[in-house]
>>> print(open('data.pdb').read())   # PDB, C-alpha atoms
MODEL        1
ATOM      1  CA  MET A1434      27.443  78.993  92.239
ATOM      2  CA  ALA A1435      28.428  77.867  88.735
ATOM      3  CA  LYS A1436      31.677  79.805  89.055
ATOM      4  CA  GLN A1437      32.354  78.175  92.424
ATOM      5  CA  ASN A1438      31.751  74.691  90.995
ATOM      6  CA  LEU A1439      34.029  75.481  88.044
ATOM      7  CA  LEU A1440      36.749  76.655  90.404
ATOM      8  CA  ILE A1441      36.473  73.455  92.464
ATOM      9  CA  LEU A1442      36.664  71.366  89.277
ATOM     10  CA  LEU A1443      39.764  73.217  88.107
ATOM     11  CA  LEU A1444      41.427  72.720  91.484
ATOM     12  CA  MET A1445      40.647  68.994  91.377
ATOM     13  CA  VAL A1446      42.138  68.679  87.879
ATOM     14  CA  LEU A1447      45.224  70.622  88.942
ATOM     15  CA  ALA A1448      45.675  68.453  92.035
ATOM     16  CA  THR A1449      45.330  65.297  89.937
ATOM     17  CA  ASN A1450      47.942  66.527  87.441
ATOM     18  CA  MET A1451      50.341  67.477  90.244
ATOM     19  CA  ALA A1452      49.953  64.051  91.835
ATOM     20  CA  ALA A1453      50.562  62.374  88.485
ATOM     21  CA  ALA A1454      53.618  64.517  87.901
ATOM     22  CA  SER A1455      54.897  63.676  91.351
ATOM     23  CA  VAL A1456      54.489  59.937  90.772
ATOM     24  CA  THR A1457      56.236  60.192  87.392
ATOM     25  CA  THR A1458      59.154  62.009  88.981
ATOM     26  CA  ARG A1459      59.513  59.376  91.637
ATOM     27  CA  LYS A1460      59.480  56.651  89.013
ATOM     28  CA  LEU A1461      62.140  58.419  86.972
ATOM     29  CA  MET A1462      64.310  58.881  90.040
ATOM     30  CA  PHE A1463      63.859  55.233  90.926
ATOM     31  CA  LEU A1464      64.822  54.139  87.433
ATOM     32  CA  VAL A1465      68.015  56.195  87.462
ATOM     33  CA  GLN A1466      70.310  53.710  89.129
ATOM     34  CA  PRO A1467      73.412  54.999  90.969
ATOM     35  CA  GLN A1468      76.364  54.897  88.602
ATOM     36  CA  PRO A1469      79.300  52.676  89.588
ATOM     37  CA  ASN A1470      82.531  54.400  90.484
ATOM     38  CA  GLN A1471      84.424  55.171  87.296
ATOM     39  CA  LEU A1472      88.118  55.643  87.938
ATOM     40  CA  THR A1473      89.543  56.030  84.465
ATOM     41  CA  TYR A1474      92.728  56.878  82.611
ATOM     42  CA  HIS A1475      92.853  60.411  81.222
ATOM     43  CA  ASN A1476      95.734  59.748  78.799
ATOM     44  CA  GLY A1477      98.370  61.592  80.800
ATOM     45  CA  ALA A1478     101.682  60.696  82.368
ATOM     46  CA  VAL A1479     102.334  58.012  84.950
ATOM     47  CA  LEU A1480     105.617  57.295  86.701
ATOM     48  CA  HIS A1481     107.241  54.066  85.589
ATOM     49  CA  GLY A1482     110.464  52.111  85.376
ATOM     50  CA  ASP A1483     112.915  52.912  88.155
ATOM     51  CA  ILE A1484     111.318  55.554  90.379
ATOM     52  CA  PRO A1485     113.937  57.212  92.611
ATOM     53  CA  VAL A1486     112.530  58.407  95.931
ATOM     54  CA  SER A1487     114.402  60.987  97.978
ATOM     55  CA  VAL A1488     113.242  61.780 101.511
ATOM     56  CA  LEU A1489     113.246  65.109 103.352
ATOM     57  CA  TRP A1490     112.756  64.704 107.097
ATOM     58  CA  TYR A1491     111.340  68.033 108.276
ATOM     59  CA  GLY A1492     111.581  68.311 112.051
ATOM     60  CA  ARG A1493     112.819  65.787 114.584
ATOM     61  CA  PHE A1494     112.442  62.075 113.960
ATOM     62  CA  THR A1495     114.181  59.346 115.912
ATOM     63  CA  ALA A1496     116.361  56.799 114.155
ATOM     64  CA  ALA A1497     113.734  54.154 114.902
ATOM     65  CA  GLN A1498     111.015  56.267 113.289
ATOM     66  CA  LYS A1499     113.104  56.844 110.180
ATOM     67  CA  ALA A1500     113.785  53.118 109.913
ATOM     68  CA  ILE A1501     110.042  52.358 109.829
ATOM     69  CA  VAL A1502     109.630  54.477 106.693
ATOM     70  CA  SER A1503     112.895  53.586 104.949
ATOM     71  CA  ASP A1504     112.206  49.876 105.448
ATOM     72  CA  PHE A1505     108.753  50.408 103.949
ATOM     73  CA  LEU A1506     110.223  52.097 100.870
ATOM     74  CA  VAL A1507     112.764  49.317 100.426
ATOM     75  CA  SER A1508     109.967  46.758 100.824
ATOM     76  CA  LEU A1509     108.035  48.160  97.869
ATOM     77  CA  SER A1510     110.441  46.747  95.319
ATOM     78  CA  ALA A1511     111.825  43.794  97.244
ATOM     79  CA  ALA A1512     112.182  40.463  95.462
ATOM     80  CA  PRO A1513     108.862  38.589  95.318
ATOM     81  CA  ARG A1514     109.940  35.978  97.869
ATOM     82  CA  ALA A1515     111.968  38.269 100.095
ATOM     83  CA  SER A1516     109.028  38.551 102.485
ATOM     84  CA  PRO A1517     106.232  36.067 103.180
ATOM     85  CA  ALA A1518     102.870  36.735 101.576
ATOM     86  CA  PRO A1519     100.965  38.935 101.789
ATOM     87  CA  SER A1520     103.777  41.413 101.239
ATOM     88  CA  VAL A1521     104.414  45.094 100.619
ATOM     89  CA  SER A1522     105.924  44.206  97.222
ATOM     90  CA  GLN A1523     102.740  42.309  96.356
ATOM     91  CA  TRP A1524     100.740  45.477  97.112
ATOM     92  CA  TRP A1525     103.095  47.477  94.901
ATOM     93  CA  SER A1526     102.801  44.939  92.076
ATOM     94  CA  SER A1527      99.048  45.466  92.172
ATOM     95  CA  ILE A1528      99.567  49.153  91.345
ATOM     96  CA  HIS A1529     101.503  48.135  88.253
ATOM     97  CA  GLN A1530      98.925  45.570  87.182
ATOM     98  CA  LEU A1531      95.870  47.748  87.819
ATOM     99  CA  TYR A1532      97.229  51.050  86.546
ATOM    100  CA  ILE A1533     100.712  51.441  85.092
ATOM    101  CA  SER A1534     100.403  48.511  82.685
ATOM    102  CA  LYS A1535      97.079  49.949  81.471
ATOM    103  CA  ALA A1536      98.809  53.227  80.607
ATOM    104  CA  ALA A1537     101.444  51.278  78.695
ATOM    105  CA  ALA A1538      98.763  49.392  76.780
ATOM    106  CA  ALA A1539      97.099  52.689  75.862
ATOM    107  CA  GLY A1540     100.412  53.933  74.453
ATOM    108  CA  LYS A1541      99.660  57.480  75.503
ATOM    109  CA  ASN A1542     102.245  60.085  76.508
ATOM    110  CA  GLY A1543     103.662  59.051  79.872
ATOM    111  CA  GLY A1544     102.356  55.550  79.300
ATOM    112  CA  GLN A1545     105.133  54.859  76.828
ATOM    113  CA  GLY A1546     107.678  52.585  78.411
ATOM    114  CA  ALA A1547     105.393  51.847  81.333
ATOM    115  CA  ALA A1548     105.320  48.161  80.445
ATOM    116  CA  LYS A1549     108.466  47.741  82.542
ATOM    117  CA  ILE A1550     107.671  46.894  86.146
ATOM    118  CA  ALA A1551     107.897  50.064  88.220
ATOM    119  CA  ARG A1552     110.582  49.823  90.878
ATOM    120  CA  VAL A1553     111.033  52.198  93.803
ATOM    121  CA  VAL A1554     114.658  53.088  94.513
ATOM    122  CA  LEU A1555     115.495  54.883  97.764
ATOM    123  CA  SER A1556     117.952  57.418  96.356
ATOM    124  CA  GLY A1557     118.730  59.642  99.338
ATOM    125  CA  GLN A1558     117.656  61.196 102.612
ATOM    126  CA  VAL A1559     118.207  64.687 103.995
ATOM    127  CA  SER A1560     117.109  66.257 107.295
ATOM    128  CA  ASP A1561     115.940  69.711 108.306
ATOM    129  CA  GLU A1562     115.628  69.262 112.072
ATOM    130  CA  ALA A1563     115.709  73.011 112.655
ATOM    131  CA  CYS A1564     112.569  73.503 110.536
ATOM    132  CA  SER A1565     114.093  76.261 108.447
ATOM    133  CA  LEU A1566     110.704  77.407 107.120
ATOM    134  CA  GLY A1567     109.110  77.360 110.547
ATOM    135  CA  LYS A1568     106.671  74.970 112.162
ATOM    136  CA  SER A1569     103.560  76.228 110.432
ATOM    137  CA  LEU A1570     103.685  75.488 106.725
ATOM    138  CA  LYS A1571     101.453  76.583 103.860
ATOM    139  CA  LEU A1572     100.615  74.138 101.094
ATOM    140  CA  SER A1573     102.347  76.494  98.670
ATOM    141  CA  GLN A1574     105.634  75.835 100.489
ATOM    142  CA  LEU A1575     105.583  72.077  99.965
ATOM    143  CA  PRO A1576     106.954  72.052  96.385
ATOM    144  CA  ALA A1577     109.888  74.222  97.478
ATOM    145  CA  LEU A1578     110.579  71.885 100.381
ATOM    146  CA  ALA A1579     110.349  68.936  98.025
ATOM    147  CA  ALA A1580     112.891  70.529  95.702
ATOM    148  CA  ARG A1581     115.387  70.519  98.589
ATOM    149  CA  ALA A1582     115.264  66.728  98.493
ATOM    150  CA  ARG A1583     116.583  66.988  94.920
ATOM    151  CA  PRO A1584     114.316  64.443  93.291
ATOM    152  CA  ALA A1585     115.840  62.764  90.251
ATOM    153  CA  LYS A1586     114.134  62.783  86.854
ATOM    154  CA  GLY A1587     111.004  60.667  86.929
ATOM    155  CA  GLY A1588     111.202  60.452  90.712
ATOM    156  CA  ILE A1589     109.392  61.426  93.879
ATOM    157  CA  ALA A1590     110.434  63.746  96.696
ATOM    158  CA  LEU A1591     108.929  62.488  99.945
ATOM    159  CA  VAL A1592     108.454  65.294 102.482
ATOM    160  CA  LEU A1593     107.697  64.061 105.993
ATOM    161  CA  THR A1594     106.849  66.478 108.805
ATOM    162  CA  SER A1595     107.293  65.712 112.496
ATOM    163  CA  GLN A1596     104.505  65.673 115.056
ATOM    164  CA  ASP A1597     105.080  69.283 116.145
ATOM    165  CA  VAL A1598     104.871  70.743 112.634
ATOM    166  CA  ALA A1599     101.517  72.103 111.446
ATOM    167  CA  VAL A1600     100.682  72.067 107.745
ATOM    168  CA  GLU A1601      97.795  73.953 106.193
ATOM    169  CA  GLY A1602      94.732  71.715 106.193
ATOM    170  CA  PHE A1603      96.436  68.926 108.127
ATOM    171  CA  CYS A1604      93.894  67.122 110.312
ATOM    172  CA  MET A1605      91.048  69.310 109.069
ATOM    173  CA  SER A1606      90.825  68.176 105.456
ATOM    174  CA  ARG A1607      93.868  66.029 104.696
ATOM    175  CA  CYS A1608      96.440  63.640 106.110
ATOM    176  CA  GLY A1609      98.757  63.830 103.119
ATOM    177  CA  ARG A1610      99.124  65.355  99.685
ATOM    178  CA  HIS A1611     100.933  64.867  96.397
ATOM    179  CA  GLY A1612     101.614  67.127  93.454
ATOM    180  CA  PRO A1613     104.180  68.098  90.816
ATOM    181  CA  VAL A1614     107.623  69.455  91.576
ATOM    182  CA  ASP A1615     108.659  69.870  87.943
ATOM    183  CA  ALA A1616     106.346  68.387  85.314
ATOM    184  CA  LYS A1617     108.968  68.844  82.577
ATOM    185  CA  ALA A1618     111.450  66.768  84.558
ATOM    186  CA  GLY A1619     108.709  64.328  85.469
ATOM    187  CA  THR A1620     109.195  64.840  89.206
ATOM    188  CA  ALA A1621     106.462  64.752  91.831
ATOM    189  CA  TYR A1622     106.287  65.187  95.585
ATOM    190  CA  VAL A1623     104.438  63.435  98.380
ATOM    191  CA  TRP A1624     103.849  64.968 101.785
ATOM    192  CA  ALA A1625     102.610  63.242 104.938
ATOM    193  CA  GLY A1626     102.844  64.202 108.587
ATOM    194  CA  ASN A1627     103.213  62.419 111.890
ATOM    195  CA  SER A1628      99.772  62.969 113.428
ATOM    196  CA  ALA A1629     100.535  61.553 116.901
ATOM    197  CA  ALA A1630     100.288  64.900 118.713
ATOM    198  CA  GLN A1631      97.723  66.604 116.491
ATOM    199  CA  CYS A1632      95.032  64.269 115.165
ATOM    200  CA  PRO A1633      95.746  60.544 115.533
ATOM    201  CA  GLY A1634      92.023  59.832 115.537
ATOM    202  CA  GLN A1635      91.820  61.176 111.996
ATOM    203  CA  CYS A1636      95.173  60.422 110.415
ATOM    204  CA  ALA A1637      96.354  57.366 112.351
ATOM    205  CA  TRP A1638      93.096  55.387 112.502
ATOM    206  CA  PRO A1639      92.671  52.442 113.081
ATOM    207  CA  PHE A1640      95.612  52.655 115.502
ATOM    208  CA  HIS A1641      93.838  55.319 117.563
ATOM    209  CA  GLN A1642      90.273  55.865 118.707
ATOM    210  CA  PRO A1643      88.469  57.542 115.786
ATOM    211  CA  ALA A1644      87.800  61.262 116.091
ATOM    212  CA  TYR A1645      84.174  60.717 115.061
ATOM    213  CA  GLY A1646      81.849  57.978 113.872
ATOM    214  CA  PRO A1647      81.600  54.462 115.342
ATOM    215  CA  GLN A1648      83.844  54.264 118.412
ATOM    216  CA  THR A1649      85.559  50.927 117.927
ATOM    217  CA  PRO A1650      88.631  50.042 120.007
ATOM    218  CA  PRO A1651      91.939  51.003 118.367
ATOM    219  CA  LEU A1652      94.192  48.330 116.922
ATOM    220  CA  ALA A1653      97.784  47.805 118.043
ATOM    221  CA  PRO A1654     100.240  49.310 115.503
ATOM    222  CA  PRO A1655     102.633  46.781 113.913
ATOM    223  CA  ASN A1656     105.741  48.895 114.559
ATOM    224  CA  GLY A1657     104.705  50.108 117.999
ATOM    225  CA  ASP A1658     104.349  53.751 116.954
ATOM    226  CA  VAL A1659     100.820  55.063 116.385
ATOM    227  CA  GLY A1660     101.959  58.218 114.594
ATOM    228  CA  MET A1661     104.496  56.545 112.297
ATOM    229  CA  ASP A1662     102.371  53.509 111.500
ATOM    230  CA  GLY A1663      99.592  55.921 110.573
ATOM    231  CA  LEU A1664     102.068  57.963 108.543
ATOM    232  CA  VAL A1665     103.029  54.861 106.523
ATOM    233  CA  ILE A1666      99.365  54.343 105.605
ATOM    234  CA  ASN A1667      99.201  57.910 104.301
ATOM    235  CA  VAL A1668     102.557  57.687 102.531
ATOM    236  CA  ALA A1669     101.406  54.512 100.777
ATOM    237  CA  SER A1670      98.144  56.147  99.732
ATOM    238  CA  MET A1671      99.850  59.278  98.416
ATOM    239  CA  VAL A1672     102.654  57.390  96.638
ATOM    240  CA  ALA A1673     100.003  55.302  94.877
ATOM    241  CA  GLY A1674      98.383  58.547  93.730
ATOM    242  CA  ALA A1675     101.666  60.206  92.772
ATOM    243  CA  VAL A1676     102.678  57.261  90.594
ATOM    244  CA  THR A1677      99.332  56.807  88.835
ATOM    245  CA  ASN A1678      98.298  60.469  88.618
ATOM    246  CA  PRO A1679     101.445  62.568  89.085
ATOM    247  CA  PHE A1680     100.417  65.636  87.091
ATOM    248  CA  GLY A1681      96.627  65.571  87.233
ATOM    249  CA  ASP A1682      95.919  63.809  83.937
ATOM    250  CA  GLY A1683      96.532  60.165  84.803
ATOM    251  CA  PHE A1684      94.164  57.820  86.620
ATOM    252  CA  TYR A1685      91.475  59.432  88.743
ATOM    253  CA  GLN A1686      87.766  59.739  89.335
ATOM    254  CA  GLY A1687      85.684  62.883  89.767
ATOM    255  CA  ASP A1688      86.888  66.472  89.873
ATOM    256  CA  ARG A1689      90.472  66.889  88.700
ATOM    257  CA  ALA A1690      91.007  69.443  91.459
ATOM    258  CA  ALA A1691      89.847  66.988  94.142
ATOM    259  CA  PRO A1692      90.252  63.553  92.577
ATOM    260  CA  LEU A1693      89.725  60.100  93.982
ATOM    261  CA  GLU A1694      92.735  57.978  93.088
ATOM    262  CA  ALA A1695      94.103  54.462  93.373
ATOM    263  CA  ALA A1696      94.006  54.331  97.181
ATOM    264  CA  THR A1697      91.902  57.336  98.183
ATOM    265  CA  ALA A1698      88.933  55.806  96.349
ATOM    266  CA  CYS A1699      88.905  53.139  99.093
ATOM    267  CA  PRO A1700      88.995  55.150 102.343
ATOM    268  CA  GLY A1701      89.184  53.125 105.541
ATOM    269  CA  VAL A1702      89.389  49.765 103.749
ATOM    270  CA  TYR A1703      92.271  47.498 104.774
ATOM    271  CA  GLY A1704      90.821  43.990 104.724
ATOM    272  CA  LYS A1705      87.835  42.026 103.504
ATOM    273  CA  GLY A1706      84.512  42.893 105.098
ATOM    274  CA  ALA A1707      85.532  46.478 105.953
ATOM    275  CA  TYR A1708      82.824  49.029 106.688
ATOM    276  CA  PRO A1709      82.825  52.476 108.339
ATOM    277  CA  GLY A1710      84.499  52.101 111.702
ATOM    278  CA  TYR A1711      85.801  48.602 110.938
ATOM    279  CA  ALA A1712      89.109  48.188 109.057
ATOM    280  CA  GLY A1713      88.301  44.672 107.859
ATOM    281  CA  GLN A1714      89.648  41.206 108.553
ATOM    282  CA  LEU A1715      93.348  41.682 109.273
ATOM    283  CA  LEU A1716      96.271  39.519 110.287
ATOM    284  CA  VAL A1717      97.361  39.640 113.916
ATOM    285  CA  ASP A1718     100.927  39.210 115.137
ATOM    286  CA  THR A1719     100.731  36.496 117.791
ATOM    287  CA  ALA A1720     103.759  37.913 119.606
ATOM    288  CA  THR A1721     102.629  41.536 119.884
ATOM    289  CA  GLY A1722      98.898  41.490 119.138
ATOM    290  CA  ALA A1723      99.455  44.096 116.408
ATOM    291  CA  SER A1724      97.233  44.184 113.330
ATOM    292  CA  TYR A1725      98.685  44.270 109.824
ATOM    293  CA  ASN A1726      98.090  43.122 106.252
ATOM    294  CA  ALA A1727     101.554  43.185 104.668
ATOM    295  CA  ASN A1728     104.995  41.793 105.467
ATOM    296  CA  GLY A1729     108.026  43.911 104.661
ATOM    297  CA  ALA A1730     111.806  44.018 104.756
ATOM    298  CA  HIS A1731     113.738  43.111 107.903
ATOM    299  CA  GLY A1732     110.753  41.355 109.425
ATOM    300  CA  ARG A1733     108.618  44.498 109.369
ATOM    301  CA  LYS A1734     104.840  44.429 109.230
ATOM    302  CA  TYR A1735     102.644  47.195 107.863
ATOM    303  CA  LEU A1736      99.017  48.126 107.338
ATOM    304  CA  LEU A1737      98.420  49.268 103.755
ATOM    305  CA  PRO A1738      95.298  50.714 102.138
ATOM    306  CA  ALA A1739      93.131  48.827  99.674
ATOM    307  CA  LEU A1740      93.551  49.694  95.996
ATOM    308  CA  PHE A1741      90.638  50.474  93.717
ATOM    309  CA  ASP A1742      90.326  48.055  90.793
ATOM    310  CA  PRO A1743      88.958  49.989  87.787
ATOM    311  CA  ALA A1744      87.996  46.737  86.036
ATOM    312  CA  THR A1745      85.676  45.597  88.810
ATOM    313  CA  SER A1746      84.852  48.955  90.444
ATOM    314  CA  ALA A1747      85.713  47.362  93.783
ATOM    315  CA  CYS A1748      88.388  47.791  96.422
ATOM    316  CA  SER A1749      91.093  45.116  96.250
ATOM    317  CA  THR A1750      92.712  44.105  99.549
ATOM    318  CA  LEU A1751      95.729  41.983 100.391
ATOM    319  CA  VAL A1752      93.811  39.990 103.008
TER     320      VAL A1752
ENDMDL
END
>>> encode(input="data.pdb", output="structure tokens")
Amino acid sequence: MAKQNLLILLLMVLATNMAAASVTTRKLMFLVQPQPNQLTYHNGAVLHGDIPVSVLWYGRFTAAQKAIVSDFLVSLSAAPRASPAPSVSQWWSSIHQLYISKAAAAGKNGGQGAAKIARVVLSGQVSDEACSLGKSLKLSQLPALAARARPAKGGIALVLTSQDVAVEGFCMSRCGRHGPVDAKAGTAYVWAGNSAAQCPGQCAWPFHQPAYGPQTPPLAPPNGDVGMDGLVINVASMVAGAVTNPFGDGFYQGDRAAPLEAATACPGVYGKGAYPGYAGQLLVDTATGASYNANGAHGRKYLLPALFDPATSACSTLV
């Protein structure tokens, strides 16, 4: 009987200690506040000054589709008053203010000389309509394709694939990609694909019904082409990453192998008040009903991603 009472007492003490431990753990977990997003500079190279961009059109694109992208590239470095605000050039200036100027102030490696306003220069365009490497590409083939665009020193090769070209991981885990072509020459590449026939709900949202999540009605694309307007969003996002983190040691957050960068740190955010399934408060073209947040060259309108502001740990939008 005494042994039984002792056993019961020991069990009661053990239960009390476990409960106390459990409460302590919960308190500790409660006190550990979620850390704010920290997108920081890792003292590496950024692209700066005049940034020549050469385009490789892989597959068939119409002249109208090519004009949507080329006008966007020209818009990036247009004179401040060339387009009414909010403008594509205003978005581009934000990249300089939030990132490139910070690298210049740090005086590290590629940051040297970055005080000069970065200016995109459309340096050339080449086409491979026959898809010489086939219509199913591996990621490992992208740098070789980019080299065919002959990017100039300190520049970007922009590889764009048509709607009938499959790229490894496209639609499943990515809508675009950037990486180095030749780090010694300071050249990088950006790839994005026209998702119209493959996954517009993933890579052309909000201009198409989303593939999953809240099923909000799609918005009308500003250039009348769901695939190409979606492609511009992804090009803008990847160019922002290529300029601020071209070789993996610039501005990023998280794992270097899968970083969050200037635009990818703000997924799905295009205007104030954005939340999952809602792009935010956007401008609407009264003539066409299309949604946009930036004016560009030749009367163009575009939808551009928000940029992460490292100083405030918040997404900065044009509207």
>>> closest_residue(input="data.pdb", among="A:Ile1484, A:Cys1564, A:Ile1528, A:Leu1509", to="Pro1584 of chain A", atoms="all atoms listed in the file")
A:Ile1484
>>> resolve_selection(input="data.pdb", expression="the PyMOL selection byres ((chain A and resi 1670-1684) around 9)", output="NGL selection string")
:A and (1472-1481 or 1484 or 1525 or 1528-1529 or 1532-1533 or 1536 or 1543 or 1589 or 1591 or 1609-1613 or 1616 or 1619-1625 or 1665-1669 or 1685-1686 or 1689-1690 or 1692-1697 or 1737-1740)
>>> closest_residue(input="data.pdb", among="A:Ala1744, A:Leu1664, A:Gly1602, A:Thr1750", to="Leu1531 of chain A", atoms="only C-alpha atoms")
A:Ala1744
>>> atom_distance(input="data.pdb", atom1="atom CA of Lys1568 of chain A", atom2="atom CA of Ala1629 of chain A")
15.5 Å
>>> resolve_selection(input="data.pdb", expression="the PyMOL selection byres ((chain A and resi 1505) around 8)", output="ChimeraX atom specification")
/A:1501-1504,1506-1509,1521,1665,1729-1730,1735
>>> axis_aligned_box(input="data.pdb", around="segment 1523-1528 of chain A", padding_each_side="3 Å", output="AutoDock Vina command-line options")
--center_x 101.1 --center_y 45.7 --center_z 94.2 --size_x 10.0 --size_y 12.8 --size_z 11.8
>>> resolve_selection(input="data.pdb", expression="the PyMOL selection byres ((chain A and resi 1657) around 12)", output="PDB file with C-alpha atoms, in the frame of the given file")
ATOM      1  CA  ALA A1497     113.734  54.154 114.902  1.00  0.00           C
ATOM      2  CA  GLN A1498     111.015  56.267 113.289  1.00  0.00           C
ATOM      3  CA  ILE A1501     110.042  52.358 109.829  1.00  0.00           C
ATOM      4  CA  PHE A1640      95.612  52.655 115.502  1.00  0.00           C
ATOM      5  CA  LEU A1652      94.192  48.330 116.922  1.00  0.00           C
ATOM      6  CA  ALA A1653      97.784  47.805 118.043  1.00  0.00           C
ATOM      7  CA  PRO A1654     100.240  49.310 115.503  1.00  0.00           C
ATOM      8  CA  PRO A1655     102.633  46.781 113.913  1.00  0.00           C
ATOM      9  CA  ASN A1656     105.741  48.895 114.559  1.00  0.00           C
ATOM     10  CA  ASP A1658     104.349  53.751 116.954  1.00  0.00           C
ATOM     11  CA  VAL A1659     100.820  55.063 116.385  1.00  0.00           C
ATOM     12  CA  GLY A1660     101.959  58.218 114.594  1.00  0.00           C
ATOM     13  CA  MET A1661     104.496  56.545 112.297  1.00  0.00           C
ATOM     14  CA  ASP A1662     102.371  53.509 111.500  1.00  0.00           C
ATOM     15  CA  GLY A1663      99.592  55.921 110.573  1.00  0.00           C
ATOM     16  CA  ASP A1718     100.927  39.210 115.137  1.00  0.00           C
ATOM     17  CA  THR A1721     102.629  41.536 119.884  1.00  0.00           C
ATOM     18  CA  GLY A1722      98.898  41.490 119.138  1.00  0.00           C
ATOM     19  CA  ALA A1723      99.455  44.096 116.408  1.00  0.00           C
ATOM     20  CA  SER A1724      97.233  44.184 113.330  1.00  0.00           C
ATOM     21  CA  TYR A1725      98.685  44.270 109.824  1.00  0.00           C
ATOM     22  CA  ARG A1733     108.618  44.498 109.369  1.00  0.00           C
ATOM     23  CA  LYS A1734     104.840  44.429 109.230  1.00  0.00           C
ATOM     24  CA  TYR A1735     102.644  47.195 107.863  1.00  0.00           C
TER      25      TYR A1735
END
>>> residues_around(input="data.pdb", residues="Ala1585 of chain A", least_positions_apart="2", cutoff="12 Å", atoms="all atoms listed in the file", output="list in words")
Asp1483, Ile1484, Pro1485, Val1486, Ser1487, Val1488, Val1554, Leu1555, Ser1556, Gly1557, Ala1579, Ala1580, Arg1581, Ala1582, Arg1583, Gly1587, Gly1588, Ile1589, Ala1590, Leu1591, Val1614, Asp1615, Lys1617, Ala1618, Gly1619, Thr1620, Ala1621 and Tyr1622 of chain A
>>> write_last_selection(input="data.pdb", atoms="C-alpha atoms", output="PDB file, keeping the file's coordinate frame")
ATOM      1  CA  ASP A1483     112.915  52.912  88.155  1.00  0.00           C
ATOM      2  CA  ILE A1484     111.318  55.554  90.379  1.00  0.00           C
ATOM      3  CA  PRO A1485     113.937  57.212  92.611  1.00  0.00           C
ATOM      4  CA  VAL A1486     112.530  58.407  95.931  1.00  0.00           C
ATOM      5  CA  SER A1487     114.402  60.987  97.978  1.00  0.00           C
ATOM      6  CA  VAL A1488     113.242  61.780 101.511  1.00  0.00           C
ATOM      7  CA  VAL A1554     114.658  53.088  94.513  1.00  0.00           C
ATOM      8  CA  LEU A1555     115.495  54.883  97.764  1.00  0.00           C
ATOM      9  CA  SER A1556     117.952  57.418  96.356  1.00  0.00           C
ATOM     10  CA  GLY A1557     118.730  59.642  99.338  1.00  0.00           C
ATOM     11  CA  ALA A1579     110.349  68.936  98.025  1.00  0.00           C
ATOM     12  CA  ALA A1580     112.891  70.529  95.702  1.00  0.00           C
ATOM     13  CA  ARG A1581     115.387  70.519  98.589  1.00  0.00           C
ATOM     14  CA  ALA A1582     115.264  66.728  98.493  1.00  0.00           C
ATOM     15  CA  ARG A1583     116.583  66.988  94.920  1.00  0.00           C
ATOM     16  CA  GLY A1587     111.004  60.667  86.929  1.00  0.00           C
ATOM     17  CA  GLY A1588     111.202  60.452  90.712  1.00  0.00           C
ATOM     18  CA  ILE A1589     109.392  61.426  93.879  1.00  0.00           C
ATOM     19  CA  ALA A1590     110.434  63.746  96.696  1.00  0.00           C
ATOM     20  CA  LEU A1591     108.929  62.488  99.945  1.00  0.00           C
ATOM     21  CA  VAL A1614     107.623  69.455  91.576  1.00  0.00           C
ATOM     22  CA  ASP A1615     108.659  69.870  87.943  1.00  0.00           C
ATOM     23  CA  LYS A1617     108.968  68.844  82.577  1.00  0.00           C
ATOM     24  CA  ALA A1618     111.450  66.768  84.558  1.00  0.00           C
ATOM     25  CA  GLY A1619     108.709  64.328  85.469  1.00  0.00           C
ATOM     26  CA  THR A1620     109.195  64.840  89.206  1.00  0.00           C
ATOM     27  CA  ALA A1621     106.462  64.752  91.831  1.00  0.00           C
ATOM     28  CA  TYR A1622     106.287  65.187  95.585  1.00  0.00           C
TER      29      TYR A1622
END
>>> atom_distance(input="data.pdb", atom1="atom CA of Arg1552 of chain A", atom2="atom CA of Lys1586 of chain A")
14.0 Å
>>> closest_residue(input="data.pdb", among="A:Ala1691, A:Cys1632, A:Ser1510, A:Gln1714", to="Tyr1645 of chain A", atoms="only C-alpha atoms")
A:Cys1632
>>> closest_residue(input="data.pdb", among="A:Gly1492, A:Gly1646, A:Gly1634, A:Pro1519", to="Gln1596 of chain A", atoms="all atoms listed in the file")
A:Gly1492
>>> residues_around(input="data.pdb", residues="Cys1608 of chain A", least_positions_apart="3", cutoff="8 Å", atoms="only C-alpha atoms", output="list in words")
Phe1603, Cys1604, Ala1625, Gly1626, Gln1635, Cys1636 and Asn1667 of chain A
>>> residues_around(input="data.pdb", residues="segment 1706-1712 of chain A", least_positions_apart="4", cutoff="8 Å", atoms="only C-alpha atoms", output="list of chain:residue names")
A:Pro1639, A:Pro1643, A:Gly1646, A:Pro1647, A:Gln1648, A:Thr1649, A:Gly1701, A:Val1702
